[in-house]
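*Asks:* Could you have a look at this structure, given as structure tokens, before my questions?
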Amino acid sequence: MDLTFFAVPLFQRALAAGCILAALLALLGVLVTARGLSFMGDGLSHAAFGGIALGVFLGLAHPLVVAIPFTALAAMAIGALRRRGGLRSDVAMAILFAGCFAVGVVLLNKSKRTQSSFDPEQLLFGNILLVSTEDLWIVLGIAAVTFAFFLFAWTRIAYATFDEELARLSGIEVGWLESALLALLAAVVVASIRLAGVVLVSAFLVIPAATGKLMGRSIASVVGHAMLAGVLGVLIGFASAHELEWPVSAMIVLVLSALFLSAVALRRVRAR
């Protein structure tokens, strides 16, 4: 396998963004799936479509500037509806995110495509090679905020995730923590549209988290294995896609799926 392409700045930038986003999605995925919100990534990617379309419609050079707060508000609205609106999470997500996606379709139809580097195919399927230097800085900023948040609130978040009622009785602001977690997830999902597109981004949230759950025996171990699986998926998938001339995002998801199946097989071997 020819790996000389790793020396090209374009590929280095794409790999750096891909590995950071995969690690962040794996970390958030462990917490989100534990709360029974496995489909949140899929729903947020649809909301992100609406946010990016709004940025395109407004003629912004970087639609992410609008898409991130737009999607974060949609995510926090889901949390509020789940806690206070009497709606199940899946129902609330289906209603709100379908509406956001429909708004995005309308706005893209009415916008001038030349105003932005985004087009419908890139939004749906992603193209990591189009990650710009500005996009990478945005990703690094999101990563810094995310890790700073977890550094100061990890214990409370883990507590609220795995025993919400007891956390409430202990005085932990579960609602605020959930809103902050969903807002961070929204920012990471929006940034990941370049990596995987609307269609496949949820795989980066769920598959590494499921792999980590199979491999780890503590919450820290689960998170570590999940993040490792996400990063390995990007590295191996990127190199394999270049060698086979396959779509990068699809190849990464196939590698993540293979890692998950390997974890299933290893767990069975351990059980025996």
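Naming works like this for the structure tokens: A, B, ... for the chains as they're shown, residue 1 at the start of each chain, ligands 1 onward in shown order.
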Enumerate, in order of chain and increasing residue number, the residues of segment 211-260 of chain A with an atom no farther than 7 Å from segment 25-34 of chain A, each with its shortest atom pair and distance in Å to one decimal, counting only C-alpha atoms, as a Markdown table.

*Replies:*
| residue | atom | partner | partner_atom | distance |
| --- | --- | --- | --- | --- |
| A:Val223 | CA | A:Leu27 | CA | 5.7 |
| A:Ala226 | CA | A:Ala26 | CA | 5.4 |
| A:Met227 | CA | A:Ala26 | CA | 5.1 |
| A:Gly230 | CA | A:Ala26 | CA | 6.2 |

*Asks:* Residues near Met215 of chain A, anyone? I mean within 8 Å using only C-alpha atoms, not counting same-chain ones fewer than 4 positions away, as an MDAnalysis selection string.

*Replies:* chainID A and resid 211 221:222 225 263 267

*Asks:* Would you list the contacts of segment 123-132 of chain A as a list of chain:residue names, taking every protein, DNA or RNA residue within 8 Å and counting only C-alpha atoms, but skipping same-chain residues closer than 5 positions in sequence?

*Replies:*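 These residues fall inside the cut-off: A:Leu10, A:Phe11, A:Arg13, A:Ala14, A:Ala17, A:Gly18, A:Phe49, A:Phe118, A:Ile193, A:Arg194, A:Leu195, A:Ala196, A:Gly197, A:Val198, A:Val199, A:Leu200, A:Val248, A:Ser249.
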
*Asks:* Generate the output file for the selected residues, C-alpha atoms, as a CSV table (one decimal), in the first residue's frame.

*Replies:*
chain,number,residue,atom,x,y,z
A,10,LEU,CA,-4.2,18.4,1.9
A,11,PHE,CA,-4.3,14.8,3.2
A,13,ARG,CA,-5.3,18.4,7.1
A,14,ALA,CA,-8.1,16.0,6.3
A,17,ALA,CA,-9.8,16.9,11.2
A,18,GLY,CA,-11.1,13.4,10.7
A,49,PHE,CA,-28.5,20.3,7.1
A,118,PHE,CA,-21.2,23.5,0.0
A,193,ILE,CA,-20.7,17.0,7.9
A,194,ARG,CA,-17.5,17.5,5.9
A,195,LEU,CA,-16.2,14.1,7.2
A,196,ALA,CA,-19.3,11.9,6.6
A,197,GLY,CA,-22.2,13.9,5.4
A,198,VAL,CA,-25.8,13.9,6.7
A,199,VAL,CA,-26.3,10.3,5.7
A,200,LEU,CA,-23.4,8.6,7.5
A,248,VAL,CA,-13.6,8.0,1.9
A,249,SER,CA,-16.6,8.4,4.2

*Asks:* Please identify all polymer residues within 10 Å of Val189 of chain A, counting only C-alpha atoms, omitting same-chain residues fewer than 5 positions from it, and present them as a VMD selection string.

*Replies:* chain A and resid 21 24 to 25 40 to 48 68 71 to 72 183 to 184 194 to 198 201 to 202 204 to 205

*Asks:* Would you mind listing, for every residue of segment 9-86 of chain A within 7 Å of segment 231-235 of chain A, the two atoms forming the shortest contact and the distance between them in Å to one decimal, using only C-alpha atoms, sorted by chain and ascending residue number, as CSV?

*Replies:*
residue,atom,partner,partner_atom,distance
A:Gly18,CA,A:Val234,CA,6.3
A:Cys19,CA,A:Val231,CA,5.0
A:Ala22,CA,A:Val231,CA,5.8
A:Ala23,CA,A:Val231,CA,6.0

*Asks:* Using C-alpha atoms, can you export the residues from the last selection as an mmCIF file, in the first residue's frame?

*Replies:*
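Output contents, as saved in again_38.cif:
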data_model
loop_
_atom_site.group_PDB
_atom_site.id
_atom_site.type_symbol
_atom_site.label_atom_id
_atom_site.label_comp_id
_atom_site.auth_asym_id
_atom_site.auth_seq_id
_atom_site.Cartn_x
_atom_site.Cartn_y
_atom_site.Cartn_z
ATOM 1 C CA GLY A 18 -11.085 13.375 10.742
ATOM 2 C CA CYS A 19 -9.240 11.880 13.708
ATOM 3 C CA ALA A 22 -13.974 10.772 15.242
ATOM 4 C CA ALA A 23 -12.521 10.884 18.770
#

*Asks:* Which is closest to Val139 of chain A among A:His242, A:Phe260, A:Ala187, A:Ile207, if we use only C-alpha atoms?

*Replies:* A:Ala187

*Asks:* Restricting the calculation to only C-alpha atoms: of A:Arg156, A:Glu164, A:Val106, A:Ala186, which residue gets closest to Ile142 of chain A?

*Replies:* A:Ala186

*Asks:* Among the residues of segment 52-163 of chain A, find those DSSP assigns to helix (DSSP H, G or I) from the backbone and print them as a PDB file with C-alpha atoms, in the first residue's frame.

*Replies:*
ATOM      1  CA  ILE A  52     -25.862  24.935   6.792  1.00  0.00           C
ATOM      2  CA  ALA A  53     -28.536  25.643   4.195  1.00  0.00           C
ATOM      3  CA  LEU A  54     -29.402  28.803   6.129  1.00  0.00           C
ATOM      4  CA  GLY A  55     -25.755  29.869   5.994  1.00  0.00           C
ATOM      5  CA  VAL A  56     -25.672  29.203   2.245  1.00  0.00           C
ATOM      6  CA  PHE A  57     -28.898  31.144   1.778  1.00  0.00           C
ATOM      7  CA  LEU A  64     -20.781  26.586   9.918  1.00  0.00           C
ATOM      8  CA  VAL A  65     -20.882  29.948  11.713  1.00  0.00           C
ATOM      9  CA  VAL A  66     -24.689  29.795  11.472  1.00  0.00           C
ATOM     10  CA  ALA A  67     -25.112  26.019  11.446  1.00  0.00           C
ATOM     11  CA  ILE A  68     -23.448  25.391  14.823  1.00  0.00           C
ATOM     12  CA  PRO A  69     -25.718  27.650  16.939  1.00  0.00           C
ATOM     13  CA  PHE A  70     -28.743  26.648  14.831  1.00  0.00           C
ATOM     14  CA  THR A  71     -28.153  22.934  15.480  1.00  0.00           C
ATOM     15  CA  ALA A  72     -27.243  23.516  19.134  1.00  0.00           C
ATOM     16  CA  LEU A  73     -30.580  25.262  19.697  1.00  0.00           C
ATOM     17  CA  ALA A  74     -32.388  22.364  17.991  1.00  0.00           C
ATOM     18  CA  ALA A  75     -30.566  19.872  20.242  1.00  0.00           C
ATOM     19  CA  MET A  76     -31.406  21.792  23.410  1.00  0.00           C
ATOM     20  CA  ALA A  77     -35.028  22.047  22.263  1.00  0.00           C
ATOM     21  CA  ILE A  78     -35.108  18.257  22.048  1.00  0.00           C
ATOM     22  CA  GLY A  79     -33.779  17.992  25.582  1.00  0.00           C
ATOM     23  CA  ALA A  80     -36.408  20.445  26.834  1.00  0.00           C
ATOM     24  CA  LEU A  81     -39.235  18.623  25.045  1.00  0.00           C
ATOM     25  CA  ARG A  82     -38.009  15.319  26.463  1.00  0.00           C
ATOM     26  CA  ARG A  83     -37.908  16.634  30.023  1.00  0.00           C
ATOM     27  CA  ARG A  84     -40.943  18.936  30.097  1.00  0.00           C
ATOM     28  CA  SER A  89     -37.236  11.414  22.638  1.00  0.00           C
ATOM     29  CA  ASP A  90     -37.745   9.641  19.320  1.00  0.00           C
ATOM     30  CA  VAL A  91     -41.049  11.447  18.676  1.00  0.00           C
ATOM     31  CA  ALA A  92     -39.612  14.861  19.532  1.00  0.00           C
ATOM     32  CA  MET A  93     -36.573  14.230  17.337  1.00  0.00           C
ATOM     33  CA  ALA A  94     -38.651  13.042  14.398  1.00  0.00           C
ATOM     34  CA  ILE A  95     -40.856  16.149  14.465  1.00  0.00           C
ATOM     35  CA  LEU A  96     -38.196  18.805  14.995  1.00  0.00           C
ATOM     36  CA  PHE A  97     -35.441  17.397  12.820  1.00  0.00           C
ATOM     37  CA  ALA A  98     -37.743  16.583   9.905  1.00  0.00           C
ATOM     38  CA  GLY A  99     -38.885  20.192  10.014  1.00  0.00           C
ATOM     39  CA  CYS A 100     -35.278  21.457  10.036  1.00  0.00           C
ATOM     40  CA  PHE A 101     -34.376  19.238   7.093  1.00  0.00           C
ATOM     41  CA  ALA A 102     -37.396  20.453   5.115  1.00  0.00           C
ATOM     42  CA  VAL A 103     -36.415  24.073   5.814  1.00  0.00           C
ATOM     43  CA  GLY A 104     -32.918  23.245   4.546  1.00  0.00           C
ATOM     44  CA  VAL A 105     -34.255  21.822   1.295  1.00  0.00           C
ATOM     45  CA  VAL A 106     -36.291  24.983   0.685  1.00  0.00           C
ATOM     46  CA  LEU A 107     -33.405  27.320   1.513  1.00  0.00           C
ATOM     47  CA  LEU A 108     -30.940  25.458  -0.708  1.00  0.00           C
ATOM     48  CA  ASN A 109     -33.454  25.563  -3.544  1.00  0.00           C
ATOM     49  CA  LYS A 110     -33.771  29.348  -3.162  1.00  0.00           C
ATOM     50  CA  ARG A 113     -25.048  27.893  -5.054  1.00  0.00           C
ATOM     51  CA  THR A 114     -22.016  29.945  -6.087  1.00  0.00           C
ATOM     52  CA  GLN A 115     -22.106  31.770  -2.782  1.00  0.00           C
ATOM     53  CA  PRO A 120     -26.230  19.153  -1.740  1.00  0.00           C
ATOM     54  CA  GLU A 121     -24.051  16.139  -2.584  1.00  0.00           C
ATOM     55  CA  GLN A 122     -21.313  17.257  -0.189  1.00  0.00           C
ATOM     56  CA  LEU A 123     -23.897  17.811   2.529  1.00  0.00           C
ATOM     57  CA  LEU A 124     -25.435  14.371   2.082  1.00  0.00           C
ATOM     58  CA  PHE A 125     -22.322  12.240   1.615  1.00  0.00           C
ATOM     59  CA  ILE A 128     -13.234  15.133   3.889  1.00  0.00           C
ATOM     60  CA  LEU A 129     -10.699  16.260   1.286  1.00  0.00           C
ATOM     61  CA  LEU A 130     -12.499  19.612   1.106  1.00  0.00           C
ATOM     62  CA  THR A 133      -7.520  25.426   7.066  1.00  0.00           C
ATOM     63  CA  GLU A 134     -10.398  27.474   8.510  1.00  0.00           C
ATOM     64  CA  ASP A 135     -12.466  24.298   8.982  1.00  0.00           C
ATOM     65  CA  LEU A 136      -9.563  22.672  10.828  1.00  0.00           C
ATOM     66  CA  TRP A 137      -9.282  25.646  13.187  1.00  0.00           C
ATOM     67  CA  ILE A 138     -13.010  25.410  13.885  1.00  0.00           C
ATOM     68  CA  VAL A 139     -12.596  21.696  14.668  1.00  0.00           C
ATOM     69  CA  LEU A 140      -9.677  22.432  17.005  1.00  0.00           C
ATOM     70  CA  GLY A 141     -11.735  25.106  18.760  1.00  0.00           C
ATOM     71  CA  ILE A 142     -14.660  22.722  19.247  1.00  0.00           C
ATOM     72  CA  ALA A 143     -12.273  20.049  20.553  1.00  0.00           C
ATOM     73  CA  ALA A 144     -10.741  22.474  23.064  1.00  0.00           C
ATOM     74  CA  VAL A 145     -14.153  23.529  24.375  1.00  0.00           C
ATOM     75  CA  THR A 146     -15.348  19.911  24.587  1.00  0.00           C
ATOM     76  CA  PHE A 147     -12.349  18.612  26.490  1.00  0.00           C
ATOM     77  CA  ALA A 148     -12.372  21.635  28.819  1.00  0.00           C
ATOM     78  CA  PHE A 149     -16.034  20.966  29.587  1.00  0.00           C
ATOM     79  CA  PHE A 150     -15.421  17.296  30.349  1.00  0.00           C
ATOM     80  CA  LEU A 151     -12.346  18.130  32.407  1.00  0.00           C
ATOM     81  CA  PHE A 152     -14.453  20.143  34.838  1.00  0.00           C
ATOM     82  CA  ALA A 153     -17.774  18.275  34.629  1.00  0.00           C
ATOM     83  CA  TRP A 154     -16.911  14.650  33.821  1.00  0.00           C
ATOM     84  CA  THR A 155     -17.859  13.185  37.207  1.00  0.00           C
ATOM     85  CA  ARG A 156     -21.254  14.888  37.275  1.00  0.00           C
ATOM     86  CA  ILE A 157     -21.979  14.020  33.635  1.00  0.00           C
ATOM     87  CA  ALA A 158     -21.129  10.347  34.158  1.00  0.00           C
ATOM     88  CA  TYR A 159     -23.228  10.291  37.339  1.00  0.00           C
ATOM     89  CA  ALA A 160     -26.218  11.925  35.620  1.00  0.00           C
ATOM     90  CA  THR A 161     -25.883   9.638  32.605  1.00  0.00           C
ATOM     91  CA  PHE A 162     -25.962   6.321  34.432  1.00  0.00           C
TER      92      PHE A 162
END

*Asks:* Atom CA of Ser218 of chain A and atom CA of Leu254 of chain A, how far apart in Å?

*Replies:*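 Going from atom CA of Leu254 of chain A over to atom CA of Ser218 of chain A, I get 26.6 Å.
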
*Asks:* Ala241 of chain A: which residues within 9 Å, counting only C-alpha atoms, same-chain residues fewer than 5 positions away excluded, as a ChimeraX atom specification?

*Replies:* /A:236,246-252

*Asks:* If we count only C-alpha atoms, what is near Val264 of chain A at a cut-off of 12 Å, once residues fewer than 3 positions away on the same chain are taken out, given as a list of chain:residue names?

*Replies:*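 What passes the distance filter is A:Ile207, A:Ala210, A:Thr211, A:Gly212, A:Lys213, A:Leu214, A:Met215, A:Ser257, A:Ala258, A:Leu259, A:Phe260, A:Leu261, A:Arg267, A:Arg268, A:Val269, A:Arg270, A:Ala271.
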